[in-house]
file structure_4.txt (compact mmCIF, N, CA and C atoms)
# COMPACT_ATOMS: atom_id res chain seq x y z
N MET F 1 79.06 98.34 112.12
CA MET F 1 79.82 97.81 110.99
C MET F 1 80.41 98.94 110.15
N TRP F 2 79.56 99.90 109.75
CA TRP F 2 80.02 101.02 108.93
C TRP F 2 81.09 101.81 109.65
N GLU F 3 80.92 101.99 110.96
CA GLU F 3 81.89 102.74 111.75
C GLU F 3 83.26 102.06 111.73
N GLN F 4 83.27 100.74 111.78
CA GLN F 4 84.53 100.00 111.75
C GLN F 4 85.22 100.16 110.39
N ILE F 5 84.44 100.18 109.33
CA ILE F 5 85.01 100.36 107.99
C ILE F 5 85.62 101.75 107.87
N VAL F 6 84.92 102.76 108.36
CA VAL F 6 85.44 104.13 108.32
C VAL F 6 86.70 104.25 109.17
N ASP F 7 86.70 103.63 110.35
CA ASP F 7 87.90 103.66 111.19
C ASP F 7 89.08 103.00 110.50
N LEU F 8 88.84 101.89 109.83
CA LEU F 8 89.91 101.21 109.10
C LEU F 8 90.45 102.09 107.97
N ALA F 9 89.55 102.76 107.25
CA ALA F 9 89.97 103.61 106.14
C ALA F 9 90.78 104.80 106.63
N HIS F 10 90.51 105.28 107.83
CA HIS F 10 91.29 106.38 108.40
C HIS F 10 92.67 105.92 108.85
N ASN F 11 92.83 104.64 109.01
CA ASN F 11 94.07 104.07 109.50
C ASN F 11 95.20 104.29 108.48
N GLU F 12 96.38 104.58 109.00
CA GLU F 12 97.55 104.79 108.14
C GLU F 12 97.91 103.54 107.34
N ILE F 13 97.56 102.36 107.84
CA ILE F 13 97.89 101.12 107.14
C ILE F 13 97.25 101.10 105.76
N VAL F 14 96.02 101.60 105.65
CA VAL F 14 95.34 101.65 104.35
C VAL F 14 96.10 102.56 103.40
N ALA F 15 96.52 103.71 103.90
CA ALA F 15 97.27 104.65 103.06
C ALA F 15 98.59 104.04 102.59
N TYR F 16 99.30 103.41 103.51
CA TYR F 16 100.58 102.81 103.14
C TYR F 16 100.41 101.62 102.20
N THR F 17 99.34 100.86 102.38
CA THR F 17 99.07 99.75 101.47
C THR F 17 98.80 100.25 100.06
N GLY F 18 97.95 101.27 99.94
CA GLY F 18 97.68 101.87 98.64
C GLY F 18 98.94 102.42 97.99
N MET F 19 99.74 103.11 98.79
CA MET F 19 100.98 103.68 98.29
C MET F 19 101.93 102.58 97.81
N LEU F 20 102.06 101.50 98.58
CA LEU F 20 102.95 100.40 98.19
C LEU F 20 102.48 99.71 96.91
N LEU F 21 101.17 99.56 96.75
CA LEU F 21 100.66 98.95 95.52
C LEU F 21 101.01 99.80 94.30
N ILE F 22 100.79 101.10 94.40
CA ILE F 22 101.08 101.99 93.27
C ILE F 22 102.59 102.05 92.99
N LEU F 23 103.38 102.20 94.04
CA LEU F 23 104.84 102.28 93.84
C LEU F 23 105.40 100.96 93.32
N SER F 24 104.85 99.85 93.77
CA SER F 24 105.29 98.53 93.26
C SER F 24 105.02 98.42 91.77
N ALA F 25 103.82 98.82 91.36
CA ALA F 25 103.47 98.77 89.94
C ALA F 25 104.43 99.63 89.13
N PHE F 26 104.68 100.84 89.61
CA PHE F 26 105.57 101.76 88.89
C PHE F 26 107.00 101.22 88.84
N PHE F 27 107.51 100.75 89.97
CA PHE F 27 108.87 100.21 90.02
C PHE F 27 109.03 99.02 89.07
N LEU F 28 108.06 98.09 89.12
CA LEU F 28 108.15 96.91 88.27
C LEU F 28 108.00 97.25 86.79
N GLU F 29 107.20 98.27 86.50
CA GLU F 29 107.04 98.70 85.11
C GLU F 29 108.32 99.35 84.58
N THR F 30 108.98 100.14 85.40
CA THR F 30 110.21 100.78 84.95
C THR F 30 111.37 99.80 84.81
N ARG F 31 111.23 98.61 85.39
CA ARG F 31 112.25 97.55 85.26
C ARG F 31 111.87 96.54 84.19
N ASP F 32 110.81 96.82 83.42
CA ASP F 32 110.31 95.93 82.36
C ASP F 32 109.89 94.55 82.88
N ILE F 33 109.43 94.52 84.14
CA ILE F 33 108.89 93.28 84.70
C ILE F 33 107.39 93.25 84.46
N LEU F 34 106.74 94.37 84.66
CA LEU F 34 105.33 94.54 84.32
C LEU F 34 105.23 95.54 83.17
N HIS F 35 104.12 95.48 82.48
CA HIS F 35 103.89 96.42 81.38
C HIS F 35 102.59 97.17 81.64
N SER F 36 102.60 98.45 81.40
CA SER F 36 101.50 99.32 81.82
C SER F 36 100.16 99.03 81.15
N LYS F 37 100.17 98.27 80.08
CA LYS F 37 98.90 97.95 79.42
C LYS F 37 98.48 96.50 79.65
N GLU F 38 99.05 95.88 80.68
CA GLU F 38 98.69 94.51 81.02
C GLU F 38 98.00 94.48 82.38
N SER F 39 97.23 93.44 82.59
CA SER F 39 96.36 93.39 83.78
C SER F 39 97.09 93.42 85.13
N PRO F 40 98.24 92.77 85.34
CA PRO F 40 98.85 92.86 86.68
C PRO F 40 99.17 94.31 87.08
N TYR F 41 99.71 95.07 86.16
CA TYR F 41 100.02 96.48 86.44
C TYR F 41 98.73 97.26 86.72
N LEU F 42 97.73 97.08 85.87
CA LEU F 42 96.49 97.83 86.01
C LEU F 42 95.75 97.46 87.30
N VAL F 43 95.80 96.20 87.70
CA VAL F 43 95.16 95.79 88.95
C VAL F 43 95.86 96.45 90.14
N LEU F 44 97.18 96.42 90.15
CA LEU F 44 97.92 97.09 91.24
C LEU F 44 97.57 98.57 91.31
N MET F 45 97.52 99.22 90.15
CA MET F 45 97.20 100.65 90.11
C MET F 45 95.76 100.91 90.57
N ALA F 46 94.82 100.10 90.12
CA ALA F 46 93.41 100.30 90.49
C ALA F 46 93.22 100.08 91.99
N LEU F 47 93.79 99.02 92.53
CA LEU F 47 93.64 98.76 93.96
C LEU F 47 94.30 99.85 94.80
N GLY F 48 95.52 100.20 94.43
CA GLY F 48 96.24 101.23 95.19
C GLY F 48 95.55 102.58 95.14
N SER F 49 95.18 103.01 93.96
CA SER F 49 94.53 104.31 93.85
C SER F 49 93.12 104.29 94.44
N GLY F 50 92.46 103.15 94.37
CA GLY F 50 91.14 103.02 94.99
C GLY F 50 91.23 103.18 96.51
N LEU F 51 92.19 102.51 97.13
CA LEU F 51 92.38 102.65 98.57
C LEU F 51 92.70 104.09 98.95
N LEU F 52 93.61 104.70 98.19
CA LEU F 52 93.98 106.08 98.50
C LEU F 52 92.84 107.06 98.25
N ALA F 53 92.00 106.79 97.26
CA ALA F 53 90.85 107.66 96.99
C ALA F 53 89.85 107.61 98.14
N VAL F 54 89.58 106.41 98.64
CA VAL F 54 88.65 106.28 99.78
C VAL F 54 89.20 107.04 100.98
N ARG F 55 90.47 106.85 101.25
CA ARG F 55 91.07 107.53 102.40
C ARG F 55 91.07 109.05 102.21
N ALA F 56 91.40 109.51 101.01
CA ALA F 56 91.40 110.95 100.75
C ALA F 56 90.00 111.54 100.95
N TYR F 57 89.00 110.81 100.51
CA TYR F 57 87.62 111.27 100.70
C TYR F 57 87.27 111.41 102.19
N LEU F 58 87.64 110.39 102.95
CA LEU F 58 87.29 110.38 104.38
C LEU F 58 88.04 111.43 105.19
N ILE F 59 89.21 111.84 104.73
CA ILE F 59 89.96 112.86 105.47
C ILE F 59 89.86 114.24 104.81
N ASP F 60 88.94 114.36 103.85
CA ASP F 60 88.66 115.64 103.18
C ASP F 60 89.86 116.24 102.45
N GLU F 61 90.62 115.41 101.80
CA GLU F 61 91.73 115.86 100.96
C GLU F 61 91.24 115.83 99.51
N TRP F 62 90.57 116.88 99.07
CA TRP F 62 89.83 116.86 97.81
C TRP F 62 90.72 116.81 96.57
N ALA F 63 91.81 117.54 96.55
CA ALA F 63 92.71 117.49 95.38
C ALA F 63 93.29 116.09 95.24
N PHE F 64 93.70 115.50 96.35
CA PHE F 64 94.25 114.15 96.35
C PHE F 64 93.17 113.14 95.95
N PHE F 65 91.95 113.36 96.40
CA PHE F 65 90.82 112.50 96.05
C PHE F 65 90.60 112.50 94.54
N ILE F 66 90.58 113.68 93.94
CA ILE F 66 90.35 113.80 92.49
C ILE F 66 91.47 113.11 91.73
N LEU F 67 92.70 113.30 92.16
CA LEU F 67 93.84 112.65 91.52
C LEU F 67 93.71 111.14 91.57
N GLU F 68 93.38 110.60 92.72
CA GLU F 68 93.28 109.15 92.87
C GLU F 68 92.08 108.57 92.13
N VAL F 69 90.99 109.31 92.07
CA VAL F 69 89.83 108.85 91.29
C VAL F 69 90.21 108.80 89.81
N ALA F 70 90.97 109.79 89.34
CA ALA F 70 91.41 109.80 87.94
C ALA F 70 92.32 108.60 87.66
N TRP F 71 93.26 108.31 88.56
CA TRP F 71 94.14 107.15 88.40
C TRP F 71 93.35 105.85 88.41
N PHE F 72 92.39 105.76 89.35
CA PHE F 72 91.55 104.57 89.42
C PHE F 72 90.76 104.39 88.13
N ALA F 73 90.16 105.47 87.64
CA ALA F 73 89.36 105.40 86.42
C ALA F 73 90.22 104.97 85.23
N ALA F 74 91.42 105.51 85.14
CA ALA F 74 92.31 105.14 84.03
C ALA F 74 92.67 103.66 84.09
N ALA F 75 92.97 103.16 85.29
CA ALA F 75 93.32 101.75 85.44
C ALA F 75 92.10 100.86 85.17
N ALA F 76 90.94 101.25 85.68
CA ALA F 76 89.73 100.46 85.46
C ALA F 76 89.36 100.44 83.98
N LEU F 77 89.49 101.57 83.31
CA LEU F 77 89.22 101.63 81.88
C LEU F 77 90.20 100.75 81.10
N GLY F 78 91.46 100.75 81.52
CA GLY F 78 92.45 99.88 80.89
C GLY F 78 92.10 98.42 81.07
N LEU F 79 91.67 98.03 82.27
CA LEU F 79 91.26 96.65 82.51
C LEU F 79 90.03 96.28 81.69
N TRP F 80 89.08 97.19 81.59
CA TRP F 80 87.88 96.95 80.80
C TRP F 80 88.25 96.76 79.32
N SER F 81 89.16 97.61 78.82
CA SER F 81 89.60 97.49 77.42
C SER F 81 90.29 96.15 77.17
N LEU F 82 91.12 95.73 78.12
CA LEU F 82 91.79 94.43 77.99
C LEU F 82 90.78 93.28 77.95
N SER F 83 89.82 93.31 78.86
CA SER F 83 88.84 92.23 78.89
C SER F 83 87.98 92.23 77.64
N LYS F 84 87.66 93.39 77.13
CA LYS F 84 86.88 93.49 75.89
C LYS F 84 87.68 92.91 74.72
N ALA F 85 88.97 93.26 74.65
CA ALA F 85 89.81 92.74 73.57
C ALA F 85 89.95 91.22 73.66
N LEU F 86 90.07 90.69 74.87
CA LEU F 86 90.17 89.24 75.05
C LEU F 86 88.87 88.54 74.62
N ARG F 87 87.73 89.11 74.99
CA ARG F 87 86.44 88.53 74.57
C ARG F 87 86.32 88.54 73.05
N GLU F 88 86.69 89.63 72.40
CA GLU F 88 86.60 89.73 70.95
C GLU F 88 87.54 88.73 70.28
N ALA F 89 88.73 88.54 70.86
CA ALA F 89 89.68 87.57 70.29
C ALA F 89 89.14 86.14 70.41
N ARG F 90 88.46 85.85 71.51
CA ARG F 90 87.88 84.50 71.68
C ARG F 90 86.75 84.26 70.68
N VAL F 91 85.98 85.28 70.40
CA VAL F 91 84.86 85.16 69.47
C VAL F 91 85.39 84.88 68.06
N ARG F 92 86.51 85.50 67.69
CA ARG F 92 87.10 85.32 66.36
C ARG F 92 87.69 83.95 66.16
N GLN F 93 88.01 83.25 67.23
CA GLN F 93 88.66 81.94 67.09
C GLN F 93 87.70 80.87 66.74

call {"tool": "encode", "arguments": {"input": "structure_4.txt", "output": "structure tokens"}}
result
Amino acid sequence: MWEQIVDLAHNEIVAYTGMLLILSAFFLETRDILHSKESPYLVLMALGSGLLAVRAYLIDEWAFFILEVAWFAAAALGLWSLSKALREARVRQ
């Protein structure tokens, strides 16, 4: 099972999927369709950078790995902040 997961992560499809998710988020944000502090953008960024980080780790691309982990962390922190703000707003109502 683990071997199949590693083989999939080495696959170019994973890299291209991650890249398309990140580029889609960026393209839609620059066209004012998505906004960088809203969940759809942050989810696309987190998923895309997460996929690319796993692949970078498995192929020993350490600079790329660090970059993608930083992008993932920023997106995850943004999502956490949004969910926290939504919970606080519900409590105030």

call {"tool": "residues_around", "arguments": {"input": "structure_4.txt", "residues": "Ser24 of chain F", "least_positions_apart": "2", "cutoff": "10 Å", "atoms": "only C-alpha atoms", "output": "VMD selection string"}}
result
chain F and resid 18 to 22 26 to 30 34 41 44 to 45 48

call {"tool": "write_last_selection", "arguments": {"input": "structure_4.txt", "atoms": "N, CA and C atoms", "output": "mmCIF file, in the frame of the given file"}}
result
data_model
loop_
_atom_site.group_PDB
_atom_site.id
_atom_site.type_symbol
_atom_site.label_atom_id
_atom_site.label_comp_id
_atom_site.auth_asym_id
_atom_site.auth_seq_id
_atom_site.Cartn_x
_atom_site.Cartn_y
_atom_site.Cartn_z
ATOM 1 N N GLY F 18 97.950 101.270 99.940
ATOM 2 C CA GLY F 18 97.680 101.870 98.640
ATOM 3 C C GLY F 18 98.940 102.420 97.990
ATOM 4 N N MET F 19 99.740 103.110 98.790
ATOM 5 C CA MET F 19 100.980 103.680 98.290
ATOM 6 C C MET F 19 101.930 102.580 97.810
ATOM 7 N N LEU F 20 102.060 101.500 98.580
ATOM 8 C CA LEU F 20 102.950 100.400 98.190
ATOM 9 C C LEU F 20 102.480 99.710 96.910
ATOM 10 N N LEU F 21 101.170 99.560 96.750
ATOM 11 C CA LEU F 21 100.660 98.950 95.520
ATOM 12 C C LEU F 21 101.010 99.800 94.300
ATOM 13 N N ILE F 22 100.790 101.100 94.400
ATOM 14 C CA ILE F 22 101.080 101.990 93.270
ATOM 15 C C ILE F 22 102.590 102.050 92.990
ATOM 16 N N PHE F 26 104.680 100.840 89.610
ATOM 17 C CA PHE F 26 105.570 101.760 88.890
ATOM 18 C C PHE F 26 107.000 101.220 88.840
ATOM 19 N N PHE F 27 107.510 100.750 89.970
ATOM 20 C CA PHE F 27 108.870 100.210 90.020
ATOM 21 C C PHE F 27 109.030 99.020 89.070
ATOM 22 N N LEU F 28 108.060 98.090 89.120
ATOM 23 C CA LEU F 28 108.150 96.910 88.270
ATOM 24 C C LEU F 28 108.000 97.250 86.790
ATOM 25 N N GLU F 29 107.200 98.270 86.500
ATOM 26 C CA GLU F 29 107.040 98.700 85.110
ATOM 27 C C GLU F 29 108.320 99.350 84.580
ATOM 28 N N THR F 30 108.980 100.140 85.400
ATOM 29 C CA THR F 30 110.210 100.780 84.950
ATOM 30 C C THR F 30 111.370 99.800 84.810
ATOM 31 N N LEU F 34 106.740 94.370 84.660
ATOM 32 C CA LEU F 34 105.330 94.540 84.320
ATOM 33 C C LEU F 34 105.230 95.540 83.170
ATOM 34 N N TYR F 41 99.710 95.070 86.160
ATOM 35 C CA TYR F 41 100.020 96.480 86.440
ATOM 36 C C TYR F 41 98.730 97.260 86.720
ATOM 37 N N LEU F 44 97.180 96.420 90.150
ATOM 38 C CA LEU F 44 97.920 97.090 91.240
ATOM 39 C C LEU F 44 97.570 98.570 91.310
ATOM 40 N N MET F 45 97.520 99.220 90.150
ATOM 41 C CA MET F 45 97.200 100.650 90.110
ATOM 42 C C MET F 45 95.760 100.910 90.570
ATOM 43 N N GLY F 48 95.520 100.200 94.430
ATOM 44 C CA GLY F 48 96.240 101.230 95.190
ATOM 45 C C GLY F 48 95.550 102.580 95.140
#

call {"tool": "atom_distance", "arguments": {"input": "structure_4.txt", "atom1": "atom C of Glu38 of chain F", "atom2": "atom C of Trp71 of chain F"}}
result
13.7 Å

call {"tool": "closest_atom_pairs", "arguments": {"input": "structure_4.txt", "of": "segment 12-59 of chain F", "to": "segment 75-83 of chain F", "cutoff": "7 Å", "atoms": "all atoms listed in the file", "output": "CSV"}}
result
residue,atom,partner,partner_atom,distance
F:Lys37,C,F:Gly78,C,6.8
F:Ser39,CA,F:Leu79,CA,6.2
F:Leu42,CA,F:Ala75,CA,5.1
F:Val43,N,F:Ala75,C,6.5
F:Met45,C,F:Ala75,CA,5.7
F:Ala46,N,F:Ala75,CA,5.2

call {"tool": "atom_distance", "arguments": {"input": "structure_4.txt", "atom1": "atom CA of Arg31 of chain F", "atom2": "atom C of Ile66 of chain F"}}
result
26.8 Å

call {"tool": "atom_distance", "arguments": {"input": "structure_4.txt", "atom1": "atom C of Trp2 of chain F", "atom2": "atom CA of Leu58 of chain F"}}
result
11.8 Å

call {"tool": "closest_residue", "arguments": {"input": "structure_4.txt", "among": "F:Leu23, F:Trp62, F:Ala74, F:Arg55", "to": "Asn11 of chain F", "atoms": "only N, CA and C atoms"}}
result
F:Arg55

call {"tool": "residues_around", "arguments": {"input": "structure_4.txt", "residues": "Val69 of chain F", "least_positions_apart": "6", "cutoff": "7 Å", "atoms": "only N, CA and C atoms", "output": "PDB file with N, CA and C atoms, keeping the file's coordinate frame"}}
result
ATOM      1  N   SER F  49      95.180 103.010  93.960  1.00  0.00           N
ATOM      2  CA  SER F  49      94.530 104.310  93.850  1.00  0.00           C
ATOM      3  C   SER F  49      93.120 104.290  94.440  1.00  0.00           C
ATOM      4  N   GLY F  50      92.460 103.150  94.370  1.00  0.00           N
ATOM      5  CA  GLY F  50      91.140 103.020  94.990  1.00  0.00           C
ATOM      6  C   GLY F  50      91.230 103.180  96.510  1.00  0.00           C
ATOM      7  N   LEU F  52      93.610 104.700  98.190  1.00  0.00           N
ATOM      8  CA  LEU F  52      93.980 106.080  98.500  1.00  0.00           C
ATOM      9  C   LEU F  52      92.840 107.060  98.250  1.00  0.00           C
ATOM     10  N   ALA F  53      92.000 106.790  97.260  1.00  0.00           N
ATOM     11  CA  ALA F  53      90.850 107.660  96.990  1.00  0.00           C
ATOM     12  C   ALA F  53      89.850 107.610  98.140  1.00  0.00           C
TER      13      ALA F  53
END

call {"tool": "select_by_dssp", "arguments": {"input": "structure_4.txt", "residues": "chain F", "states": "helix (DSSP H, G or I)", "output": "PyMOL selection string"}}
result
chain F and resi 2-10+12-30+39-58+62-92
